[in-house]
file protein.csv (CSV, C-alpha atoms)
chain,number,residue,atom,x,y,z
A,1,MET,CA,15.9,7.2,-10.8
A,2,GLU,CA,13.4,4.8,-9.2
A,3,HIS,CA,10.8,6.4,-6.9
A,4,VAL,CA,8.0,5.5,-4.6
A,5,ASP,CA,5.3,7.8,-3.3
A,6,GLY,CA,4.4,9.7,-0.2
A,7,ASN,CA,2.8,6.8,1.6
A,8,TRP,CA,6.4,5.8,2.4
A,9,LEU,CA,6.9,8.9,4.4
A,10,ALA,CA,4.6,7.7,7.2
A,11,GLY,CA,7.3,5.7,9.0
A,12,PRO,CA,10.3,8.0,8.7
A,13,LEU,CA,8.3,11.1,9.7
A,14,ALA,CA,6.3,9.5,12.5
A,15,GLU,CA,9.3,10.0,14.7
A,16,PHE,CA,9.1,13.8,14.4
A,17,PHE,CA,5.4,14.7,13.9
A,18,SER,CA,2.4,13.8,16.1
A,19,PHE,CA,0.1,13.5,13.1
A,20,ASP,CA,0.1,11.2,10.1
A,21,VAL,CA,1.9,13.4,7.5
A,22,THR,CA,0.7,11.3,4.6
A,23,MET,CA,-2.9,12.5,5.1
A,24,ALA,CA,-1.9,16.1,5.6
A,25,THR,CA,-2.6,18.2,2.5
A,26,ALA,CA,0.2,20.4,1.3
A,27,ARG,CA,0.0,23.3,-1.2
A,28,CYS,CA,2.8,23.2,-3.7
A,29,SER,CA,4.5,26.6,-4.0
A,30,GLY,CA,5.4,25.8,-7.6
A,31,CYS,CA,2.0,25.1,-9.1
A,32,GLY,CA,-0.5,25.7,-6.3
A,33,THR,CA,-1.8,22.1,-6.3
A,34,VAL,CA,-3.2,21.0,-2.9
A,35,ALA,CA,-2.9,17.3,-2.3
A,36,GLU,CA,-2.3,14.8,0.4
A,37,LEU,CA,1.5,14.2,0.9
A,38,ALA,CA,0.7,10.5,0.2
A,39,ARG,CA,0.2,11.6,-3.5
A,40,ALA,CA,3.7,13.2,-3.7
A,41,MET,CA,6.6,11.4,-5.4
A,42,VAL,CA,9.5,10.3,-3.2
A,43,TYR,CA,13.1,9.9,-4.5
A,44,ARG,CA,15.5,8.3,-2.1
A,45,SER,CA,19.3,8.0,-2.2
A,46,GLY,CA,22.1,7.6,0.2
A,47,ALA,CA,22.3,11.3,0.6
A,48,GLY,CA,18.7,11.7,1.6
A,49,THR,CA,15.1,11.9,0.4
A,50,VAL,CA,13.5,14.4,-1.9
A,51,VAL,CA,9.7,14.8,-2.0
A,52,ARG,CA,8.3,16.2,-5.2
A,53,CYS,CA,4.9,17.5,-6.2
A,54,GLY,CA,2.9,14.8,-8.0
A,55,SER,CA,1.5,17.3,-10.4
A,56,CYS,CA,4.5,19.5,-11.4
A,57,GLY,CA,7.6,17.8,-10.0
A,58,HIS,CA,8.5,20.9,-7.9
A,59,VAL,CA,10.6,20.0,-4.8
A,60,LEU,CA,8.2,20.1,-1.8
A,61,ALA,CA,10.4,18.8,1.0
A,62,THR,CA,13.7,17.2,1.8
A,63,LEU,CA,14.7,14.8,4.5
A,64,VAL,CA,18.3,14.0,5.6
A,65,GLU,CA,19.0,11.8,8.5
A,66,SER,CA,22.1,10.9,10.4
A,67,GLU,CA,22.7,8.8,13.5
A,68,ASP,CA,21.8,11.5,16.0
A,69,ARG,CA,19.7,14.1,14.1
A,70,ALA,CA,17.5,14.8,11.1
A,71,TRP,CA,17.1,17.8,8.8
A,72,ILE,CA,13.7,18.3,7.4
A,73,GLY,CA,13.0,21.1,4.9
A,74,PHE,CA,9.7,22.2,3.4
A,75,SER,CA,11.1,24.6,0.8
A,76,GLY,CA,8.3,24.0,-1.7
A,77,VAL,CA,5.3,23.9,0.6
A,78,SER,CA,3.4,27.1,1.2
A,79,ALA,CA,0.8,25.7,3.6
A,80,ILE,CA,-0.2,22.4,5.2
A,81,GLU,CA,-3.6,21.4,6.4
A,82,VAL,CA,-3.8,18.9,9.2
A,83,ARG,CA,-7.0,17.1,10.1
A,84,ARG,CA,-7.8,16.9,13.8
A,85,GLU,CA,-9.1,13.6,15.0
A,86,PRO,CA,-12.9,13.9,15.4
A,87,ALA,CA,-13.7,14.4,19.1
B,88,MET,CA,-3.5,4.7,16.7
B,89,ARG,CA,-0.1,6.3,17.2
B,90,PRO,CA,2.6,4.3,15.5
B,91,GLY,CA,5.4,3.0,17.5
B,92,TRP,CA,8.3,0.5,17.5
B,93,HIS,CA,7.3,-2.9,18.6
B,94,VAL,CA,8.9,-6.3,19.0
B,95,ALA,CA,7.3,-8.9,16.8
B,96,THR,CA,7.7,-12.6,17.3
B,97,VAL,CA,7.3,-14.8,14.2
B,98,ALA,CA,4.5,-17.2,15.0
B,99,ALA,CA,4.6,-19.1,11.7
B,100,THR,CA,6.0,-18.8,8.1
B,101,HIS,CA,4.5,-20.3,5.0
B,102,ARG,CA,5.5,-20.4,1.4
B,103,GLU,CA,3.1,-18.0,-0.3
B,104,THR,CA,4.3,-18.4,-3.9
B,105,PRO,CA,7.6,-19.7,-5.3
B,106,ASN,CA,9.1,-16.3,-4.7
B,107,ALA,CA,7.3,-15.1,-1.6
B,108,ALA,CA,6.6,-16.0,2.1
B,109,ARG,CA,3.7,-15.3,4.4
B,110,LEU,CA,4.8,-14.3,7.9
B,111,ASP,CA,2.3,-14.4,10.9
B,112,LEU,CA,3.7,-12.1,13.5
B,113,ASP,CA,2.6,-11.6,17.2
B,114,VAL,CA,3.4,-8.0,17.8
B,115,ASP,CA,3.7,-7.0,21.5
B,116,GLY,CA,1.7,-3.9,22.1
B,117,TRP,CA,0.3,-3.6,18.6
B,118,PRO,CA,-2.8,-1.3,18.7
B,119,GLY,CA,-4.4,-3.0,15.7
B,120,ASN,CA,-4.5,-1.6,12.2
B,121,ALA,CA,-6.9,-0.5,9.5
B,122,ALA,CA,-7.1,-2.4,6.2
B,123,GLY,CA,-4.5,-1.1,3.8
B,124,GLN,CA,-1.9,0.2,6.3
B,125,HIS,CA,1.8,-0.8,6.3
B,126,LEU,CA,4.6,-1.2,8.7
B,127,ASP,CA,8.4,-0.8,8.6
B,128,VAL,CA,10.6,-3.7,9.5
B,129,ARG,CA,14.1,-2.9,10.8
B,130,LEU,CA,16.9,-5.5,10.8
B,131,THR,CA,20.1,-4.8,12.7
B,132,ALA,CA,23.3,-6.6,12.1
B,133,PRO,CA,25.7,-7.5,15.0
B,134,ASP,CA,28.0,-4.6,13.9
B,135,GLY,CA,25.1,-2.1,14.2
B,136,TYR,CA,24.4,-1.7,10.5
B,137,SER,CA,20.6,-1.6,10.1
B,138,ALA,CA,18.2,-1.6,7.1
B,139,THR,CA,14.6,-0.6,7.2
B,140,ARG,CA,11.9,-1.6,4.6
B,141,SER,CA,8.2,-1.0,4.3
B,142,TYR,CA,5.7,-3.8,4.0
B,143,SER,CA,2.0,-3.7,3.5
B,144,ILE,CA,-0.1,-5.6,6.1
B,145,ALA,CA,-2.4,-8.4,4.8
B,146,SER,CA,-4.5,-8.3,7.9
B,147,SER,CA,-6.6,-5.7,9.8
B,148,GLY,CA,-8.6,-5.2,13.0
B,149,PRO,CA,-8.0,-5.0,16.7
B,150,THR,CA,-5.5,-7.8,17.1
B,151,MET,CA,-1.9,-8.2,17.9
B,152,ARG,CA,-1.6,-10.9,15.2
B,153,VAL,CA,-0.2,-9.2,12.1
B,154,VAL,CA,0.2,-11.0,8.7
B,155,LEU,CA,2.7,-10.0,6.1
B,156,ALA,CA,3.4,-11.5,2.6
B,157,VAL,CA,6.8,-10.6,1.4
B,158,ASP,CA,8.1,-10.9,-2.2
B,159,LYS,CA,11.8,-11.7,-2.5
B,160,LEU,CA,13.7,-9.0,-4.4
B,161,PRO,CA,16.8,-10.5,-6.1
B,162,ASP,CA,19.2,-7.8,-4.8
B,163,GLY,CA,17.3,-7.1,-1.6
B,164,GLU,CA,18.9,-6.5,1.8
B,165,VAL,CA,15.9,-7.4,3.8
B,166,SER,CA,13.4,-9.4,1.8
B,167,PRO,CA,15.7,-12.5,1.1
B,168,PHE,CA,16.1,-12.8,4.9
B,169,LEU,CA,12.4,-12.5,5.6
B,170,VAL,CA,11.5,-15.0,2.8
B,171,ASP,CA,14.2,-17.6,3.2
B,172,GLU,CA,15.8,-17.3,6.6
B,173,VAL,CA,13.2,-16.3,9.2
B,174,ARG,CA,11.7,-19.1,11.3
B,175,ALA,CA,9.0,-19.3,13.9
B,176,GLY,CA,10.3,-17.9,17.2
B,177,ASP,CA,12.5,-15.3,15.6
B,178,MET,CA,12.1,-11.7,16.6
B,179,LEU,CA,11.9,-8.6,14.4
B,180,GLU,CA,11.6,-4.9,15.1
B,181,VAL,CA,8.5,-3.4,13.5
B,182,HIS,CA,7.2,0.2,13.3
B,183,GLY,CA,3.6,0.9,12.8
B,184,PRO,CA,0.7,0.9,12.0
B,185,LEU,CA,1.6,3.5,9.3
B,186,GLY,CA,-0.3,5.6,6.8
B,187,ALA,CA,-4.0,6.6,6.8
B,188,PHE,CA,-4.2,7.4,3.1
B,189,PHE,CA,-4.2,4.0,1.5
B,190,VAL,CA,-6.9,2.7,3.8
B,191,TRP,CA,-10.5,1.5,3.4
B,192,ARG,CA,-12.9,1.3,6.3
B,193,PRO,CA,-16.3,-0.4,6.2
B,194,GLY,CA,-19.3,1.8,5.9
B,195,GLY,CA,-17.3,5.0,5.4
B,196,ALA,CA,-15.4,4.4,2.3
B,197,GLY,CA,-15.4,8.0,1.2
B,198,SER,CA,-13.8,9.4,4.3
B,199,GLY,CA,-10.7,11.4,4.2
B,200,SER,CA,-10.7,12.3,0.5
B,201,ALA,CA,-9.0,15.7,-0.1
B,202,GLY,CA,-11.1,18.6,-1.2
B,203,SER,CA,-14.1,17.6,0.8
B,204,ALA,CA,-15.5,20.0,3.4
B,205,GLY,CA,-15.5,19.2,7.1
B,206,ALA,CA,-14.3,16.3,9.1
B,207,ALA,CA,-13.4,12.8,7.9
B,208,GLY,CA,-16.5,10.9,7.2
B,209,SER,CA,-18.7,13.9,6.3
B,210,ASP,CA,-18.5,13.0,2.6
B,211,ARG,CA,-19.4,9.4,3.4
B,212,VAL,CA,-21.2,7.7,0.6
B,213,ASP,CA,-22.8,4.5,1.7
B,214,ALA,CA,-22.2,1.5,-0.6
B,215,ARG,CA,-20.0,3.5,-2.9
B,216,PRO,CA,-18.4,0.8,-5.1
B,217,VAL,CA,-14.8,0.0,-4.7
B,218,GLN,CA,-12.4,-1.1,-7.4
B,219,LEU,CA,-9.1,-2.6,-6.3
B,220,ILE,CA,-6.3,-3.0,-8.9
B,221,ALA,CA,-3.1,-5.0,-8.0
B,222,GLY,CA,0.1,-5.7,-9.7
B,223,GLY,CA,2.1,-8.6,-8.3
B,224,SER,CA,2.7,-8.3,-4.5
B,225,GLY,CA,0.7,-5.1,-4.6
B,226,VAL,CA,-2.2,-7.3,-3.9
B,227,VAL,CA,-1.2,-7.6,-0.2
B,228,PRO,CA,-3.0,-4.4,1.1
B,229,LEU,CA,-5.8,-4.9,-1.3
B,230,TYR,CA,-6.4,-8.4,0.0
B,231,ALA,CA,-6.6,-6.9,3.5
B,232,ILE,CA,-9.2,-4.4,2.3
B,233,ALA,CA,-11.2,-7.1,0.5
B,234,GLN,CA,-11.1,-9.3,3.6
B,235,ALA,CA,-12.2,-6.4,5.8
B,236,HIS,CA,-15.1,-5.8,3.4
B,237,ALA,CA,-16.2,-9.4,3.7
B,238,ASP,CA,-15.7,-9.6,7.5
B,239,ALA,CA,-17.9,-6.5,7.9
B,240,ASP,CA,-20.4,-7.9,5.5
B,241,ASP,CA,-20.2,-4.4,3.9
B,242,PRO,CA,-22.8,-3.9,1.1
B,243,ALA,CA,-20.5,-1.9,-1.2
B,244,PRO,CA,-19.9,-3.7,-4.5
B,245,PHE,CA,-16.2,-4.7,-4.7
B,246,ARG,CA,-14.1,-5.8,-7.7
B,247,LEU,CA,-10.4,-6.8,-7.7
B,248,LEU,CA,-8.4,-6.7,-10.9
B,249,TYR,CA,-5.2,-8.6,-10.1
B,250,SER,CA,-2.3,-8.9,-12.5
B,251,ALA,CA,0.0,-11.9,-11.6
B,252,ARG,CA,2.9,-13.3,-13.5
B,253,THR,CA,1.7,-16.9,-13.5
B,254,PRO,CA,-1.0,-19.0,-11.8
B,255,ASP,CA,1.7,-20.0,-9.2
B,256,ASP,CA,2.4,-16.4,-8.4
B,257,VAL,CA,-1.1,-15.6,-7.1
B,258,TYR,CA,-1.0,-14.5,-3.5
B,259,PHE,CA,-3.9,-15.5,-1.2
B,260,ALA,CA,-5.3,-17.7,-3.9
B,261,ASP,CA,-7.6,-19.8,-1.6
B,262,GLU,CA,-8.6,-16.7,0.4
B,263,LEU,CA,-9.5,-14.7,-2.7
B,264,ARG,CA,-11.6,-17.6,-4.0
B,265,ALA,CA,-13.4,-17.8,-0.7
B,266,LEU,CA,-14.1,-14.0,-0.8
B,267,ALA,CA,-15.9,-14.5,-4.1
B,268,GLU,CA,-18.3,-16.9,-2.3
B,269,ALA,CA,-18.8,-14.7,0.7
B,270,SER,CA,-22.0,-12.7,1.1
B,271,ALA,CA,-20.4,-9.3,0.7
B,272,PRO,CA,-20.4,-8.6,-3.1
B,273,PHE,CA,-16.9,-9.3,-4.5
B,274,ARG,CA,-15.6,-10.2,-7.9
B,275,LEU,CA,-12.1,-11.2,-8.8
B,276,ASP,CA,-10.6,-10.7,-12.3
B,277,LEU,CA,-7.2,-12.2,-12.9
B,278,VAL,CA,-4.8,-11.4,-15.7
B,279,TYR,CA,-1.5,-13.2,-16.2
B,280,SER,CA,1.5,-11.5,-17.6
B,281,ARG,CA,3.9,-14.5,-18.3
B,282,ARG,CA,1.8,-17.7,-18.3
B,283,THR,CA,-1.9,-18.5,-18.0
B,284,PRO,CA,-3.6,-21.6,-16.8
B,285,ASP,CA,-4.6,-24.1,-19.5
B,286,GLY,CA,-7.6,-23.1,-21.5
B,287,TRP,CA,-7.5,-19.5,-20.3
B,288,PRO,CA,-9.4,-17.3,-22.7
B,289,ALA,CA,-6.8,-14.5,-23.0
B,290,PRO,CA,-3.1,-14.9,-23.9
B,291,ALA,CA,-0.4,-14.0,-21.3
B,292,GLY,CA,0.7,-10.5,-21.5
B,293,ARG,CA,1.0,-7.2,-19.7
B,294,ILE,CA,-2.4,-5.7,-18.8
B,295,THR,CA,-3.7,-3.4,-21.6
B,296,ARG,CA,-5.9,-0.3,-21.4
B,297,GLU,CA,-8.6,-2.3,-23.1
B,298,ALA,CA,-8.4,-5.2,-20.6
B,299,LEU,CA,-8.5,-2.6,-17.8
B,300,GLU,CA,-11.5,-0.9,-19.2
B,301,ALA,CA,-13.4,-4.2,-19.6
B,302,ALA,CA,-12.7,-5.3,-16.0
B,303,VAL,CA,-13.1,-2.2,-13.9
B,304,ILE,CA,-16.2,-0.5,-12.5
B,305,PRO,CA,-17.1,2.3,-15.0
B,306,ALA,CA,-16.3,5.9,-14.0
B,307,ALA,CA,-20.0,6.7,-14.3
B,308,ASP,CA,-20.6,4.6,-11.2
B,309,ARG,CA,-18.1,6.8,-9.2
B,310,PRO,CA,-16.0,4.0,-7.7
B,311,LEU,CA,-13.3,4.5,-5.2
B,312,VAL,CA,-10.2,3.0,-6.8
B,313,TYR,CA,-7.2,1.6,-5.0
B,314,VAL,CA,-4.1,0.8,-7.1
B,315,CYS,CA,-1.0,-0.9,-5.6
B,316,GLY,CA,2.0,-2.4,-7.4
B,317,SER,CA,5.3,-1.5,-8.8
B,318,THR,CA,5.8,2.2,-9.6
B,319,GLY,CA,5.6,1.5,-13.4
B,320,PHE,CA,2.4,-0.5,-13.0
B,321,VAL,CA,0.7,2.0,-10.8
B,322,GLU,CA,1.5,4.9,-13.0
B,323,ARG,CA,0.4,3.2,-16.2
B,324,VAL,CA,-2.9,2.1,-14.6
B,325,ALA,CA,-3.5,5.5,-13.0
B,326,ASP,CA,-3.0,7.3,-16.3
B,327,TRP,CA,-5.5,4.9,-18.0
B,328,LEU,CA,-8.1,5.4,-15.3
B,329,VAL,CA,-7.9,9.2,-15.7
B,330,GLY,CA,-8.2,8.7,-19.4
B,331,LEU,CA,-11.3,6.6,-18.8
B,332,GLY,CA,-12.9,9.5,-16.9
B,333,HIS,CA,-12.2,8.5,-13.3
B,334,ASP,CA,-11.8,11.5,-10.9
B,335,THR,CA,-8.1,11.7,-9.8
B,336,ARG,CA,-9.4,12.4,-6.2
B,337,SER,CA,-11.2,9.0,-6.2
B,338,ILE,CA,-8.0,7.2,-7.1
B,339,ARG,CA,-5.6,6.2,-4.3
B,340,THR,CA,-2.3,4.8,-5.3
B,341,GLU,CA,0.6,3.1,-3.5
B,342,ARG,CA,3.9,2.5,-5.4
B,343,TYR,CA,6.4,0.0,-4.0
B,344,GLY,CA,9.2,1.0,-6.4
B,345,GLY,CA,10.9,-1.2,-9.0
B,346,THR,CA,10.1,-0.7,-12.7
call {"tool": "encode", "arguments": {"input": "protein.csv", "output": "structure tokens"}}
result
Amino acid sequence: MEHVDGNWLAGPLAEFFSFDVTMATARCSGCGTVAELARAMVYRSGAGTVVRCGSCGHVLATLVESEDRAWIGFSGVSAIEVRREPA
Amino acid sequence: MRPGWHVATVAATHRETPNAARLDLDVDGWPGNAAGQHLDVRLTAPDGYSATRSYSIASSGPTMRVVLAVDKLPDGEVSPFLVDEVRAGDMLEVHGPLGAFFVWRPGGAGSGSAGSAGAAGSDRVDARPVQLIAGGSGVVPLYAIAQAHADADDPAPFRLLYSARTPDDVYFADELRALAEASAPFRLDLVYSRRTPDGWPAPAGRITREALEAAVIPAADRPLVYVCGSTGFVERVADWLVGLGHDTRSIRTERYGGT
């Protein structure tokens, strides 16, 4: 299955988060790797989007959207670090 | 710069290559963008069906003029419209600017890399060399970065290794030639996968590990490396770079799909 990478998440997730998710670093609960979400692999289909760890392939997150709502799961992320904009 | 939805008016379209168009957009309320960022374009049919696609931005800076260069995908829903149908005066919905990862900023090239302590910019390394590696239309954000480097007269040594199918398929050919003449240090290395110009020293063919090694800034010089292209191209190149000793944290990649 063709994939892209986490850079693609910037647009779809900007609607729900006030920070740029692609620069947030996430710890994979599968292998412990900490990396920017931009470095994750993104698999898209009609059913939704699956975000996988770039190191081990573990599912980090899922995104399913419909007309009037979205379901966002972070089943494979044990922590996220978000940089604050410098004051 | 919070991303938002904006109405873009097409100011001009040009043929970029036989398979691609350049679109100059005037985007109402656009906050400007950093070099390397992208935007999403949403097309909506009269029956309400909509399709959204991501495109890298070929321009940067505090301006509402935004330049795209779009490659036509044979089975695409959006790109054939943007390349063949769109005319000056047409309006598009765009969402952006998007993404802070695949971005280069003058004077602070090392900012934002993971694993560094403290705020963005604290690991700043002045004049850290930058290697750009493009496959096909993956050159678009890398052209924006190279142009920003020249516009800022930034002293960091820059090289662009660009794999194009044929000489006719080179995006921003005139602009890239001009960058090589600008005062900011910039070197362009082209490889051709299907057809070379007459008298070209190397045969046409997919880029090899050896050709990559010969044309990129050595790992010992600790370059920041930006790679953009099809998913297969990016993953091949990134694997070779790691094999050549480049630190994975110094390699930033953007895959646009395909094979």
call {"tool": "residues_around", "arguments": {"input": "protein.csv", "residues": "Ala233 in chain B", "least_positions_apart": "2", "cutoff": "8 Å", "atoms": "all atoms listed in the file", "output": "PDB file with C-alpha atoms, in the coordinates of the input"}}
result
ATOM      1  CA  LEU B 229      -5.800  -4.900  -1.300  1.00  0.00           C
ATOM      2  CA  TYR B 230      -6.400  -8.400   0.000  1.00  0.00           C
ATOM      3  CA  ALA B 231      -6.600  -6.900   3.500  1.00  0.00           C
ATOM      4  CA  ALA B 235     -12.200  -6.400   5.800  1.00  0.00           C
ATOM      5  CA  HIS B 236     -15.100  -5.800   3.400  1.00  0.00           C
ATOM      6  CA  ALA B 237     -16.200  -9.400   3.700  1.00  0.00           C
ATOM      7  CA  PHE B 245     -16.200  -4.700  -4.700  1.00  0.00           C
ATOM      8  CA  LEU B 266     -14.100 -14.000  -0.800  1.00  0.00           C
ATOM      9  CA  PHE B 273     -16.900  -9.300  -4.500  1.00  0.00           C
TER      10      PHE B 273
END
call {"tool": "closest_residue", "arguments": {"input": "protein.csv", "among": "A:Met1, A:Leu63, A:Ala10, A:Ala40", "to": "Cys28 in chain A", "atoms": "all atoms listed in the file"}}
result
A:Ala40
call {"tool": "interface_residues", "arguments": {"input": "protein.csv", "of": "chain A", "to": "chain B", "cutoff": "12 Å", "atoms": "all atoms listed in the file", "output": "PyMOL selection string"}}
result
chain A and resi 1-27+33-44+54-55+67+81-87
call {"tool": "atom_distance", "arguments": {"input": "protein.csv", "atom1": "CA of Arg215 in chain B", "atom2": "CA of Ala121 in chain B"}}
result
18.5 Å
call {"tool": "atom_distance", "arguments": {"input": "protein.csv", "atom1": "CA of Arg129 in chain B", "atom2": "CA of Tyr249 in chain B"}}
result
29.0 Å
call {"tool": "atom_distance", "arguments": {"input": "protein.csv", "atom1": "CA of Ala61 in chain A", "atom2": "CA of Gly76 in chain A"}}
result
6.2 Å
call {"tool": "closest_residue", "arguments": {"input": "protein.csv", "among": "B:Val227, B:Ala99, B:Ala325, B:Val153", "to": "Leu247 in chain B", "atoms": "only C-alpha atoms"}}
result
B:Val227
call {"tool": "residues_around", "arguments": {"input": "protein.csv", "residues": "Trp71 in chain A", "least_positions_apart": "4", "cutoff": "10 Å", "atoms": "all atoms listed in the file", "output": "JSON, numbers by chain"}}
result
{"A": [48, 62, 63, 64, 65, 66]}
call {"tool": "write_last_selection", "arguments": {"input": "protein.csv", "atoms": "C-alpha atoms", "output": "PDB file, in the coordinates of the input"}}
result
ATOM      1  CA  GLY A  48      18.700  11.700   1.600  1.00  0.00           C
ATOM      2  CA  THR A  62      13.700  17.200   1.800  1.00  0.00           C
ATOM      3  CA  LEU A  63      14.700  14.800   4.500  1.00  0.00           C
ATOM      4  CA  VAL A  64      18.300  14.000   5.600  1.00  0.00           C
ATOM      5  CA  GLU A  65      19.000  11.800   8.500  1.00  0.00           C
ATOM      6  CA  SER A  66      22.100  10.900  10.400  1.00  0.00           C
TER       7      SER A  66
END
call {"tool": "residues_around", "arguments": {"input": "protein.csv", "residues": "Ile220 in chain B", "least_positions_apart": "5", "cutoff": "10 Å", "atoms": "all atoms listed in the file", "output": "list in words"}}
result
Gly225, Val226, Leu229, Arg246, Leu247, Leu248, Tyr249, Ser250, Asp276, Leu299, Ala302, Val303, Val312, Tyr313, Val314, Cys315, Gly316, Phe320, Val321, Val324, Ala325 and Thr340 of chain B
call {"tool": "write_last_selection", "arguments": {"input": "protein.csv", "atoms": "C-alpha atoms", "output": "short mmCIF file (atom, residue, chain, number, x, y, z; two decimals), in the frame of the given file"}}
result
data_model
loop_
_atom_site.label_atom_id
_atom_site.label_comp_id
_atom_site.auth_asym_id
_atom_site.auth_seq_id
_atom_site.Cartn_x
_atom_site.Cartn_y
_atom_site.Cartn_z
CA GLY B 225 0.70 -5.10 -4.60
CA VAL B 226 -2.20 -7.30 -3.90
CA LEU B 229 -5.80 -4.90 -1.30
CA ARG B 246 -14.10 -5.80 -7.70
CA LEU B 247 -10.40 -6.80 -7.70
CA LEU B 248 -8.40 -6.70 -10.90
CA TYR B 249 -5.20 -8.60 -10.10
CA SER B 250 -2.30 -8.90 -12.50
CA ASP B 276 -10.60 -10.70 -12.30
CA LEU B 299 -8.50 -2.60 -17.80
CA ALA B 302 -12.70 -5.30 -16.00
CA VAL B 303 -13.10 -2.20 -13.90
CA VAL B 312 -10.20 3.00 -6.80
CA TYR B 313 -7.20 1.60 -5.00
CA VAL B 314 -4.10 0.80 -7.10
CA CYS B 315 -1.00 -0.90 -5.60
CA GLY B 316 2.00 -2.40 -7.40
CA PHE B 320 2.40 -0.50 -13.00
CA VAL B 321 0.70 2.00 -10.80
CA VAL B 324 -2.90 2.10 -14.60
CA ALA B 325 -3.50 5.50 -13.00
CA THR B 340 -2.30 4.80 -5.30
#
call {"tool": "residues_around", "arguments": {"input": "protein.csv", "residues": "Val97 in chain B", "least_positions_apart": "3", "cutoff": "7 Å", "atoms": "only C-alpha atoms", "output": "ChimeraX atom specification"}}
result
/B:110-113,174-178
call {"tool": "residues_around", "arguments": {"input": "protein.csv", "residues": "Cys31 in chain A", "least_positions_apart": "6", "cutoff": "9 Å", "atoms": "all atoms listed in the file", "output": "number ranges by chain"}}
result
A: 53, 55-56, 58
call {"tool": "write_last_selection", "arguments": {"input": "protein.csv", "atoms": "C-alpha atoms", "output": "PDB file, keeping the file's coordinate frame"}}
result
ATOM      1  CA  CYS A  53       4.900  17.500  -6.200  1.00  0.00           C
ATOM      2  CA  SER A  55       1.500  17.300 -10.400  1.00  0.00           C
ATOM      3  CA  CYS A  56       4.500  19.500 -11.400  1.00  0.00           C
ATOM      4  CA  HIS A  58       8.500  20.900  -7.900  1.00  0.00           C
TER       5      HIS A  58
END
call {"tool": "build_atoms", "arguments": {"input": "protein.csv", "residues": "range 299-309 of chain B", "atoms": "N, CA, C and O atoms", "output": "mmCIF file, keeping the file's coordinate frame"}}
result
data_model
loop_
_atom_site.group_PDB
_atom_site.id
_atom_site.type_symbol
_atom_site.label_atom_id
_atom_site.label_comp_id
_atom_site.auth_asym_id
_atom_site.auth_seq_id
_atom_site.Cartn_x
_atom_site.Cartn_y
_atom_site.Cartn_z
ATOM 1 N N LEU B 299 -8.146 -3.376 -18.992
ATOM 2 C CA LEU B 299 -8.500 -2.600 -17.800
ATOM 3 C C LEU B 299 -9.898 -2.076 -17.883
ATOM 4 O O LEU B 299 -10.714 -2.221 -16.968
ATOM 5 N N GLU B 300 -10.190 -1.460 -19.015
ATOM 6 C CA GLU B 300 -11.500 -0.900 -19.200
ATOM 7 C C GLU B 300 -12.613 -1.895 -19.066
ATOM 8 O O GLU B 300 -13.663 -1.635 -18.472
ATOM 9 N N ALA B 301 -12.338 -3.108 -19.584
ATOM 10 C CA ALA B 301 -13.400 -4.200 -19.600
ATOM 11 C C ALA B 301 -13.594 -4.702 -18.147
ATOM 12 O O ALA B 301 -14.674 -5.203 -17.845
ATOM 13 N N ALA B 302 -12.587 -4.602 -17.272
ATOM 14 C CA ALA B 302 -12.700 -5.300 -16.000
ATOM 15 C C ALA B 302 -12.916 -4.347 -14.795
ATOM 16 O O ALA B 302 -13.120 -4.829 -13.687
ATOM 17 N N VAL B 303 -12.867 -3.030 -15.017
ATOM 18 C CA VAL B 303 -13.100 -2.200 -13.900
ATOM 19 C C VAL B 303 -14.457 -1.540 -13.847
ATOM 20 O O VAL B 303 -15.103 -1.407 -14.888
ATOM 21 N N ILE B 304 -14.897 -1.167 -12.659
ATOM 22 C CA ILE B 304 -16.200 -0.500 -12.500
ATOM 23 C C ILE B 304 -16.157 0.808 -13.270
ATOM 24 O O ILE B 304 -15.215 1.587 -13.127
ATOM 25 N N PRO B 305 -17.164 1.065 -14.118
ATOM 26 C CA PRO B 305 -17.100 2.300 -15.000
ATOM 27 C C PRO B 305 -17.064 3.555 -14.153
ATOM 28 O O PRO B 305 -17.612 3.634 -13.052
ATOM 29 N N ALA B 306 -16.408 4.571 -14.722
ATOM 30 C CA ALA B 306 -16.300 5.900 -14.000
ATOM 31 C C ALA B 306 -17.638 6.446 -13.696
ATOM 32 O O ALA B 306 -17.784 7.129 -12.681
ATOM 33 N N ALA B 307 -18.648 6.157 -14.524
ATOM 34 C CA ALA B 307 -20.000 6.700 -14.300
ATOM 35 C C ALA B 307 -20.569 6.245 -12.957
ATOM 36 O O ALA B 307 -21.425 6.923 -12.372
ATOM 37 N N ASP B 308 -20.096 5.098 -12.445
ATOM 38 C CA ASP B 308 -20.600 4.600 -11.200
ATOM 39 C C ASP B 308 -19.803 5.158 -9.969
ATOM 40 O O ASP B 308 -20.028 4.752 -8.834
ATOM 41 N N ARG B 309 -18.860 6.055 -10.250
ATOM 42 C CA ARG B 309 -18.100 6.800 -9.200
ATOM 43 C C ARG B 309 -17.422 5.838 -8.215
ATOM 44 O O ARG B 309 -17.559 6.030 -7.005
#
